[in-house]
Every structure is written in structure tokens, then in C-alpha cells.
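**Student:** Next comes work11.txt, compact mmCIF, C-alpha atoms:
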# COMPACT_ATOMS: atom_id res chain seq x y z
CA MET A 1 7.39 8.77 19.58
CA ASN A 2 11.00 7.93 18.67
CA MET A 3 11.23 5.99 15.43
CA PHE A 4 14.25 4.25 13.98
CA ARG A 5 14.99 2.73 10.58
CA TRP A 6 17.19 -0.29 9.97
CA THR A 7 18.58 -0.40 6.44
CA ARG A 8 20.49 -3.11 4.62
CA GLN A 9 21.52 -3.64 1.02
CA SER A 10 20.95 -7.00 -0.66
CA THR A 11 20.09 -8.40 -4.09
CA GLU A 12 16.75 -8.78 -5.83
CA ALA A 13 17.24 -12.56 -5.88
CA MET A 14 17.14 -12.54 -2.06
CA GLU A 15 13.85 -10.65 -1.78
CA GLU A 16 11.64 -13.62 -0.95
CA ILE A 17 14.17 -14.93 1.59
CA TRP A 18 14.21 -11.55 3.34
CA HIS A 19 10.42 -11.56 3.53
CA LEU A 20 10.56 -14.91 5.29
CA ARG A 21 13.35 -13.79 7.63
CA LEU A 22 11.46 -10.66 8.66
CA ALA A 23 7.97 -12.15 8.77
CA THR A 24 7.91 -12.23 12.57
CA ILE A 25 9.23 -8.68 13.08
CA ASP A 26 6.29 -6.27 12.61
CA PRO A 27 6.08 -7.24 8.91
CA GLU A 28 3.78 -4.35 8.03
CA CYS A 29 6.76 -2.06 8.77
CA VAL A 30 9.02 -3.74 6.21
CA VAL A 31 9.75 -1.88 2.98
CA MET A 32 11.53 -3.51 0.04
CA LEU A 33 12.85 -1.21 -2.67
CA THR A 34 14.25 -2.13 -6.05
CA LYS A 35 15.41 0.22 -8.78
CA PRO A 36 14.35 -0.29 -12.41
CA GLY A 37 17.16 -1.88 -14.37
CA SER A 38 19.05 -2.84 -11.23
CA LYS A 39 19.38 -6.14 -9.38
CA GLY A 40 19.98 -4.35 -6.10
CA LEU A 41 17.55 -4.48 -3.19
CA THR A 42 17.29 -2.00 -0.32
CA ILE A 43 15.54 -3.20 2.82
CA HIS A 44 14.04 -0.81 5.38
CA VAL A 45 12.47 -1.87 8.67
CA PHE A 46 10.86 0.85 10.80
CA GLY A 47 10.43 0.39 14.53
CA ASP A 48 11.79 1.19 17.96
CA LYS A 49 15.45 1.31 18.89
CA LYS A 50 15.49 -2.13 20.49
CA ASN A 51 14.08 -3.96 17.44
CA THR A 52 16.19 -2.12 14.89
CA GLU A 53 19.40 -2.57 16.88
CA SER A 54 18.58 -6.28 17.17
CA LEU A 55 18.32 -6.48 13.37
CA LYS A 56 21.66 -4.75 13.02
CA LYS A 57 23.23 -7.24 15.41
CA ASP A 58 21.75 -10.23 13.55
CA PHE A 59 22.09 -9.10 9.93
CA GLY A 60 24.42 -6.11 9.78
CA GLY A 61 23.29 -2.94 8.05
CA LYS A 62 22.77 0.36 9.85
CA VAL A 63 20.27 2.03 12.14
CA THR A 64 19.14 5.64 11.77
CA ARG A 65 17.02 7.67 14.14
CA LEU A 66 14.31 9.40 12.14
CA SER A 67 13.55 13.07 12.29
CA ASN A 68 10.09 14.48 11.61
CA ALA A 69 10.68 13.74 7.92
CA ILE A 70 9.60 10.16 8.43
CA TRP A 71 9.36 7.53 5.71
CA THR A 72 11.82 9.26 3.42
CA GLY A 73 14.77 7.66 1.70
CA ASN A 74 17.76 9.39 0.16
CA ALA A 75 17.10 12.82 -1.27
CA GLN A 76 15.68 12.53 -4.74
CA GLN A 77 14.91 14.94 -7.53
CA PRO A 78 11.24 15.22 -8.47
CA ARG A 79 10.35 12.77 -11.23
CA ALA A 80 7.89 13.14 -14.07
CA ALA A 81 4.26 12.52 -13.16
CA ILE A 82 3.16 8.89 -13.35
CA SER A 83 0.00 8.34 -15.40
CA ILE A 84 -2.30 5.55 -14.25
CA ARG A 85 -4.60 4.39 -17.05
CA GLY A 86 -5.00 8.02 -18.13
CA ARG A 87 -7.32 8.53 -15.15
CA LEU A 88 -4.84 9.54 -12.44
CA ARG A 89 -1.51 11.35 -12.43
CA ILE A 90 0.87 11.00 -9.48
CA HIS A 91 3.15 13.98 -8.97
CA SER A 92 6.29 14.07 -6.84
CA ASP A 93 6.58 17.86 -6.46
CA ALA A 94 4.09 20.49 -5.37
CA GLN A 95 4.56 22.79 -8.36
CA SER A 96 3.80 20.07 -10.89
CA PHE A 97 0.80 19.02 -8.81
CA GLN A 98 -0.56 22.56 -8.59
CA ASN A 99 -0.14 23.06 -12.34
CA ASP A 100 -1.98 19.88 -13.31
CA PRO A 101 -4.78 20.83 -15.74
CA GLU A 102 -7.13 18.31 -14.09
CA PRO A 103 -6.65 18.77 -10.34
CA ASP A 104 -9.41 16.30 -9.54
CA ARG A 105 -7.24 13.58 -11.13
CA ALA A 106 -3.92 14.71 -9.64
CA ILE A 107 -2.24 13.08 -6.63
CA LEU A 108 0.78 14.48 -4.78
CA LEU A 109 3.26 12.07 -3.17
CA PRO A 110 6.55 13.90 -2.41
CA ALA A 111 9.85 12.87 -3.97
CA GLY A 112 12.05 10.85 -1.64
CA MET A 113 9.20 8.99 0.07
CA ALA A 114 10.40 5.47 0.72
CA PHE A 115 7.23 3.63 -0.30
CA GLY A 116 3.68 4.08 -1.50
CA THR A 117 4.55 6.51 -4.29
CA GLY A 118 2.80 4.58 -7.04
CA ASP A 119 5.84 3.24 -8.85
CA HIS A 120 6.35 0.03 -6.88
CA ALA A 121 4.74 -2.99 -8.54
CA THR A 122 2.35 -3.70 -5.66
CA THR A 123 0.95 -0.18 -5.41
CA ALA A 124 0.90 0.42 -9.17
CA SER A 125 -1.07 -2.77 -9.78
CA CYS A 126 -3.69 -1.83 -7.17
CA LEU A 127 -4.02 1.62 -8.72
CA ARG A 128 -4.53 0.19 -12.21
CA LEU A 129 -7.14 -2.30 -11.04
CA LEU A 130 -9.00 0.42 -9.14
CA CYS A 131 -8.95 2.66 -12.22
CA ASP A 132 -10.30 -0.20 -14.34
CA ILE A 133 -13.38 -0.81 -12.20
CA SER A 134 -14.15 2.74 -11.05
CA PRO A 135 -16.38 3.63 -14.05
CA THR A 136 -18.59 0.61 -13.28
CA LEU A 137 -19.10 1.35 -9.58
CA PRO A 138 -22.39 2.69 -8.20
CA VAL A 139 -22.93 6.37 -7.49
CA LYS A 140 -21.60 7.28 -4.02
CA TRP A 141 -19.53 4.12 -3.80
CA SER A 142 -17.37 3.52 -0.75
CA ALA A 143 -13.97 1.96 -0.09
CA LEU A 144 -12.04 0.38 2.76
CA ASP A 145 -8.24 0.53 2.52
CA ALA A 146 -6.46 -2.02 4.73
CA GLY A 147 -2.82 -1.23 5.53
CA THR A 148 -2.99 2.22 3.98
CA GLY A 149 0.72 3.14 4.39
CA THR A 150 1.06 6.58 2.79
CA GLY A 151 -2.66 6.75 2.04
CA ILE A 152 -2.15 6.62 -1.71
CA LEU A 153 -4.89 4.07 -2.44
CA ALA A 154 -7.38 5.89 -0.24
CA ILE A 155 -6.54 9.18 -1.99
CA ALA A 156 -6.88 7.51 -5.37
CA ALA A 157 -10.30 6.14 -4.39
CA GLU A 158 -11.59 9.62 -3.56
CA LYS A 159 -10.10 11.06 -6.76
CA LEU A 160 -11.88 8.32 -8.73
CA GLY A 161 -15.24 9.19 -7.23
CA ALA A 162 -15.61 7.41 -3.89
CA ASP A 163 -18.07 9.21 -1.63
CA ALA A 164 -16.62 7.69 1.56
CA VAL A 165 -13.28 6.06 2.28
CA GLU A 166 -12.17 4.42 5.51
CA ALA A 167 -8.44 3.68 5.69
CA PHE A 168 -6.36 2.19 8.45
CA ASP A 169 -2.92 0.97 9.38
CA PHE A 170 -1.65 -0.72 12.51
CA ASP A 171 1.25 1.75 12.71
CA PRO A 172 0.45 5.26 14.03
CA VAL A 173 3.42 6.64 12.09
CA CYS A 174 1.79 5.55 8.84
CA ILE A 175 -1.44 7.22 9.88
CA ARG A 176 0.41 10.45 10.64
CA VAL A 177 2.04 10.38 7.22
CA SER A 178 -1.28 9.49 5.57
CA LYS A 179 -3.03 12.42 7.22
CA GLU A 180 -0.37 14.78 5.90
CA ASN A 181 -0.80 13.38 2.39
CA VAL A 182 -4.60 13.56 2.61
CA ARG A 183 -4.37 17.24 3.57
CA ALA A 184 -1.85 17.95 0.80
CA ASN A 185 -4.22 16.37 -1.73
CA ARG A 186 -7.20 18.35 -0.42
CA CYS A 187 -9.21 15.20 0.21
CA LYS A 188 -12.34 15.54 2.36
CA LYS A 189 -13.92 12.08 2.34
CA ILE A 190 -11.19 9.93 3.90
CA ASP A 191 -11.37 8.76 7.51
CA LEU A 192 -8.01 7.48 8.80
CA SER A 193 -7.49 5.43 11.95
CA VAL A 194 -5.09 3.07 13.69
CA ALA A 195 -6.32 -0.52 13.49
CA GLU A 196 -5.17 -4.05 12.74
CA ALA A 197 -6.16 -5.88 9.58
CA GLN A 198 -7.54 -8.81 11.58
CA ARG A 199 -9.75 -6.55 13.71
CA VAL A 200 -12.03 -4.60 11.41
CA GLY A 201 -15.34 -4.80 13.24
CA LYS A 202 -15.68 -1.04 13.66
CA PHE A 203 -15.61 -0.29 9.93
CA GLN A 204 -18.61 0.14 7.61
CA LYS A 205 -19.36 -2.14 4.67
CA ALA A 206 -17.80 -0.98 1.41
CA ASP A 207 -18.20 -1.46 -2.33
CA VAL A 208 -14.42 -1.88 -2.72
CA VAL A 209 -11.93 -3.35 -0.26
CA LEU A 210 -8.25 -2.65 -0.96
CA ALA A 211 -5.67 -4.86 0.72
CA ASN A 212 -2.01 -4.29 -0.15
CA LEU A 213 -0.73 -6.74 2.47
CA TYR A 214 1.86 -9.49 2.53
CA SER A 215 0.39 -12.93 1.80
CA GLU A 216 0.29 -14.43 5.30
CA LEU A 217 -1.47 -11.38 6.73
CA LEU A 218 -3.78 -11.22 3.73
CA ILE A 219 -4.94 -14.80 4.23
CA ALA A 220 -5.37 -14.30 7.98
CA SER A 221 -7.30 -11.04 7.52
CA ALA A 222 -9.45 -12.05 4.56
CA PRO A 223 -12.42 -13.50 6.55
CA GLY A 224 -12.95 -10.23 8.41
CA LEU A 225 -12.24 -7.99 5.43
CA LEU A 226 -14.68 -9.87 3.21
CA LYS A 227 -17.43 -9.41 5.79
CA LYS A 228 -16.99 -5.70 5.15
CA LEU A 229 -17.42 -6.13 1.39
CA ARG A 230 -20.91 -5.60 0.03
CA PRO A 231 -22.50 -8.18 -2.32
CA ASP A 232 -21.20 -7.63 -5.86
CA GLY A 233 -18.35 -5.59 -4.36
CA TRP A 234 -14.74 -5.81 -5.50
CA PHE A 235 -11.78 -7.10 -3.50
CA ILE A 236 -8.41 -5.78 -4.76
CA PHE A 237 -5.28 -7.26 -3.23
CA SER A 238 -1.53 -7.08 -3.75
CA GLY A 239 1.75 -7.60 -1.92
CA VAL A 240 1.83 -11.28 -2.93
CA LEU A 241 4.87 -13.02 -4.38
CA LYS A 242 4.42 -15.29 -7.40
CA THR A 243 5.30 -18.32 -5.29
CA GLN A 244 2.38 -17.51 -2.96
CA ILE A 245 -0.38 -16.45 -5.33
CA ALA A 246 -1.98 -19.89 -5.75
CA GLU A 247 -2.38 -20.26 -1.98
CA VAL A 248 -3.86 -16.78 -1.65
CA CYS A 249 -6.36 -17.29 -4.49
CA ALA A 250 -7.47 -20.62 -3.07
CA ALA A 251 -8.05 -19.07 0.36
CA LEU A 252 -10.11 -16.23 -1.12
CA GLN A 253 -12.23 -18.58 -3.23
CA ASN A 254 -12.89 -20.73 -0.18
CA LEU A 255 -14.35 -17.63 1.45
CA GLY A 256 -16.82 -17.08 -1.37
CA LEU A 257 -15.03 -14.82 -3.83
CA ALA A 258 -15.05 -15.53 -7.54
CA LYS A 259 -11.80 -16.75 -9.05
CA PRO A 260 -9.44 -13.75 -8.91
CA LYS A 261 -8.03 -12.16 -12.03
CA VAL A 262 -4.30 -12.02 -11.36
CA VAL A 263 -1.74 -9.62 -12.81
CA THR A 264 2.00 -10.10 -12.39
CA ARG A 265 4.84 -7.58 -12.43
CA GLY A 266 8.25 -9.08 -11.82
CA LYS A 267 8.07 -11.18 -8.65
CA TRP A 268 4.89 -9.52 -7.46
CA CYS A 269 1.24 -10.38 -8.03
CA ALA A 270 -1.97 -8.49 -7.53
CA GLY A 271 -5.52 -9.61 -8.06
CA ILE A 272 -9.15 -8.61 -8.18
CA ALA A 273 -12.26 -10.65 -7.49
CA ARG A 274 -15.94 -10.01 -7.02
CA LYS A 275 -18.12 -11.08 -4.14
CA SER A 276 -21.27 -12.91 -5.15
Would you write out, as C-alpha cells, the structure that this file holds?
**Tutor:**
Amino acid sequence: MNMFRWTRQSTEAMEEIWHLRLATIDPECVVMLTKPGSKGLTIHVFGDKKNTESLKKDFGGKVTRLSNAIWTGNAQQPRAAISIRGRLRIHSDAQSFQNDPEPDRAILLPAGMAFGTGDHATTASCLRLLCDISPTLPVKWSALDAGTGTGILAIAAEKLGADAVEAFDFDPVCIRVSKENVRANRCKKIDLSVAEAQRVGKFQKADVVLANLYSELLIASAPGLLKKLRPDGWFIFSGVLKTQIAEVCAALQNLGLAKPKVVTRGKWCAGIARKS
């Protein structure tokens, strides 16, 4: 499968506008990157040659054919491990990961990966919320991770004690990357598959549903995802801009969830709510 990446530089102030512009172009393949302390924005869209060349024609930027090292950005030096609530540590290099004194709490996501490394606001918020509730979950709890990307949330769920994790993404490239990360993290309880967020009939019911999806897809997928959530289970969501959070919360409450607790980091919101 030949994969291409369209890349364009912009500004953080334009982030919401770019989401709207790209909403009709395989939006689950859109990656927005900002650097701490910078107002710059880097946009990546992954897809076939036709779609990426069309973006270049319409918006400028550049198109790169990807090698087997898919989903990587510019070469980066390994960074210090990221601690999540003192319960997880996310390492960017294998040596640091292997030397972690608590391997059951260590996660390896290689340096240079373009998304899903734990430091973006959407992923970090989901990780924190999952850490917060994990001590209260039943023995042998299960999770469903919708739009798994690099697999980081699924890996975190197993590290936090999940006995079974089903994770999916509509993009087979994401699933290939996720499988590599699952193997690197020595996880044994994660089942990965290609699926769409609005078609989840094949999955088992779970105690926790994780949905790091953009708001329109989240609202559209919520009825099906919530059918997979057990009574008293937790729904953790992210990928929602501040301007969209009220609409998302209203839609979830209309489907029977309690009022979500919302956390905000910059322009991004995440939330957690329980099913009655």
C-alpha cells in the first residue's frame, strides 16, 4: 500500500479553520501539531497520491511518499519520559523504556512519531482521565478504544489493569503501526482491527469506552459506541475544540450519559461521563 503525506505550515490561530476545511477529506487521517511555546501549526494529512496531490493543488504545501517508517515527522532526539499521574511513564527511546524500574507502568512510543505520543493535549487528557478512574474499576475490566491511532490508549489500558482491550481504526496503516507498538510494549491483551467508528456491532461490551475523535464523528458515532458501554461504565472522549464542547456534551446527555466532567487544555477539550 503506497501512502503519501501532505504537509503544510500554518498558525495556531487557524487550527479550527483547518479542521473545517479538511472535515470532508478522510478526517481521521488529519494530524495537527503545535509546539509548546510556539504559535506555529504543522498540518499532516495521510492518504493516497491523488488526495494528497489535490490538497497541494488547493492549499500549497508539499507531498511526500512515505517509506516503511510511517507516521514519523522530522527526526527528533529522545525526550525525557512523560509521567501521567504517577501511574504511567511514556518513553521515547528503547533504552529508557528497558531501564524503567516499573516495567508494568512503562510505555514506549518512539521519538519522531507524528502523533499519539502522549504529549498532545487530546491524548494526554484521555490518559489522565483513564489513570484517574482505573483504581475504581472492577477486577478484569475491559476497554474499547475507538480510533486507536498509534494504540497508545489501548496500551495504557492494559498497563493500568484491563483484562481485555479491543481497539480499532478505520485506517489499516494505523492498525499496522499500532500492532508494532503493541509488540514493542509486550502487551498480550489487546485485539486490534480495522473498523469504522459508526459500525461497532462486532465488538464486545466494555467497562470503559475511549473515543479520541473529532467532534462531528464523535457525535455521529456516540449512539453505537454507548451501546457497547456497560451500565455504570465510563465514556472518555477527546479531540473536541472548545467551541464544540457544549454541542458534544448535549448530544451525549441526550443518549443517557450523566453530565460530562470536562477538562480543557488550550483549544482542546476532553471529558468523562458515566452511563447509568
**Student:** What's the separation between CA of Ser193 (chain A) and CA of Ile175 (chain A), in Å to one decimal place?
**Tutor:**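 Separating CA of Ser193 (chain A) from CA of Ile175 (chain A) is a distance of 6.6 Å.
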**Student:** Taking the point (2.6, 1.7, -14.1) as given in the file, collect each protein or nucleic acid residue that comes within 12 Å of it, counting only C-alpha atoms, and present the set as a list of chain:residue names.
**Tutor:**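 Final list of nearby residues, as requested, is A:Ala81, A:Ile82, A:Ser83, A:Ile84, A:Arg85, A:Gly86, A:Leu88, A:Arg89, A:Ile90, A:Thr117, A:Gly118, A:Asp119, A:His120, A:Ala121, A:Thr122, A:Thr123, A:Ala124, A:Ser125, A:Cys126, A:Leu127, A:Arg128, A:Leu129, A:Cys131, A:Thr264, A:Arg265.
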**Student:** Which polymer residues, protein or nucleic acid, are no farther than 7 Å from (-11.3, 12.3, -11.5), counting only C-alpha atoms, as a ChimeraX atom specification?
**Tutor:** /A:87,104-105,159-161
**Student:** Kindly indicate which residue among A:Ala157, A:Trp18, A:Lys39, A:Ala167 lies nearest to Phe59 (chain A), using all atoms listed in the file for the distances.
**Tutor:**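 Nearest to Phe59 (chain A): A:Trp18.
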**Student:** Using only C-alpha atoms, which of A:Lys275, A:Lys205, A:Arg199, A:Arg176 sits nearest Asn254 (chain A)?
**Tutor:**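 Smallest separation from Asn254 (chain A) among the options: A:Lys275.
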**Student:** One number please: CA of Trp234 (chain A) to CA of Val208 (chain A), in Å, one decimal.
**Tutor:**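 These two atoms are separated by 4.8 Å.
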**Student:** Dump as JSON lines the rows for residues of region 164-257 of chain A within 7 Å of region 135-149 of chain A: closest atom pair and distance in Å with one decimal, only C-alpha atoms counted, ordered by chain and rising residue number.
**Tutor:**
{"residue": "A:Ala164", "atom": "CA", "partner": "A:Ser142", "partner_atom": "CA", "distance": 4.8}
{"residue": "A:Val165", "atom": "CA", "partner": "A:Ala143", "partner_atom": "CA", "distance": 4.8}
{"residue": "A:Glu166", "atom": "CA", "partner": "A:Leu144", "partner_atom": "CA", "distance": 4.9}
{"residue": "A:Ala167", "atom": "CA", "partner": "A:Asp145", "partner_atom": "CA", "distance": 4.5}
{"residue": "A:Phe168", "atom": "CA", "partner": "A:Thr148", "partner_atom": "CA", "distance": 5.6}
{"residue": "A:Asp169", "atom": "CA", "partner": "A:Gly147", "partner_atom": "CA", "distance": 4.4}
{"residue": "A:Cys174", "atom": "CA", "partner": "A:Gly149", "partner_atom": "CA", "distance": 5.2}
{"residue": "A:Ser178", "atom": "CA", "partner": "A:Gly149", "partner_atom": "CA", "distance": 6.8}
{"residue": "A:Ala197", "atom": "CA", "partner": "A:Ala146", "partner_atom": "CA", "distance": 6.2}
{"residue": "A:Ala206", "atom": "CA", "partner": "A:Ser142", "partner_atom": "CA", "distance": 5.0}
{"residue": "A:Asp207", "atom": "CA", "partner": "A:Ser142", "partner_atom": "CA", "distance": 5.3}
{"residue": "A:Val208", "atom": "CA", "partner": "A:Ala143", "partner_atom": "CA", "distance": 4.7}
{"residue": "A:Val209", "atom": "CA", "partner": "A:Leu144", "partner_atom": "CA", "distance": 4.8}
{"residue": "A:Leu210", "atom": "CA", "partner": "A:Asp145", "partner_atom": "CA", "distance": 4.7}
{"residue": "A:Ala211", "atom": "CA", "partner": "A:Ala146", "partner_atom": "CA", "distance": 5.0}
{"residue": "A:Asn212", "atom": "CA", "partner": "A:Gly147", "partner_atom": "CA", "distance": 6.5}
{"residue": "A:Leu213", "atom": "CA", "partner": "A:Gly147", "partner_atom": "CA", "distance": 6.6}
**Student:** Counting only C-alpha atoms, what is within 8 Å of region 181-183 of chain A, bar same-chain residues fewer than 6 positions away, as a ChimeraX atom specification?
**Tutor:** /A:108-109,150-151,155,190
**Student:** So, counting all atoms listed in the file, which residue among A:Ala195, A:Ala258, A:Ala250, A:Ala184 is closest to Gln98 (chain A)?
**Tutor:**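 Smallest separation from Gln98 (chain A) among the options: A:Ala184.
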**Student:** Between CA of Glu53 (chain A) and CA of Leu22 (chain A), what distance in Å does the model show, to one decimal?
**Tutor:**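 So the two atoms, CA of Glu53 (chain A) and CA of Leu22 (chain A), lie 14.0 Å apart.
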**Student:** Need to verify the contact set: Lys267 (chain A), 12 Å, only C-alpha atoms, exclusion of same-chain residues closer than 3 positions in sequence. Can you return it as a count of residues only?
**Tutor:** 20
**Student:** Pick out the closest residue to Lys188 (chain A) from this set: A:Val173, A:Glu158, A:Lys49, A:Met3. Count all atoms listed in the file.
**Tutor:**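 Closest residue, counting all atoms listed in the file: A:Glu158.
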**Student:** Using only C-alpha atoms, find the one residue out of A:Leu255, A:Ile236, A:Ala106, A:Val45 that sits nearest to Arg21 (chain A).
**Tutor:** A:Val45
**Student:** Output as lines of an AutoDock Vina configuration file the centre and edge lengths (Å, one decimal) of the box along x, y and z of the file that holds every listed atom of region 236-253 of chain A after adding 4 Å on each side.
**Tutor:**
center_x = -3.5
center_y = -13.2
center_z = -3.5
size_x = 25.5
size_y = 22.8
size_z = 15.8
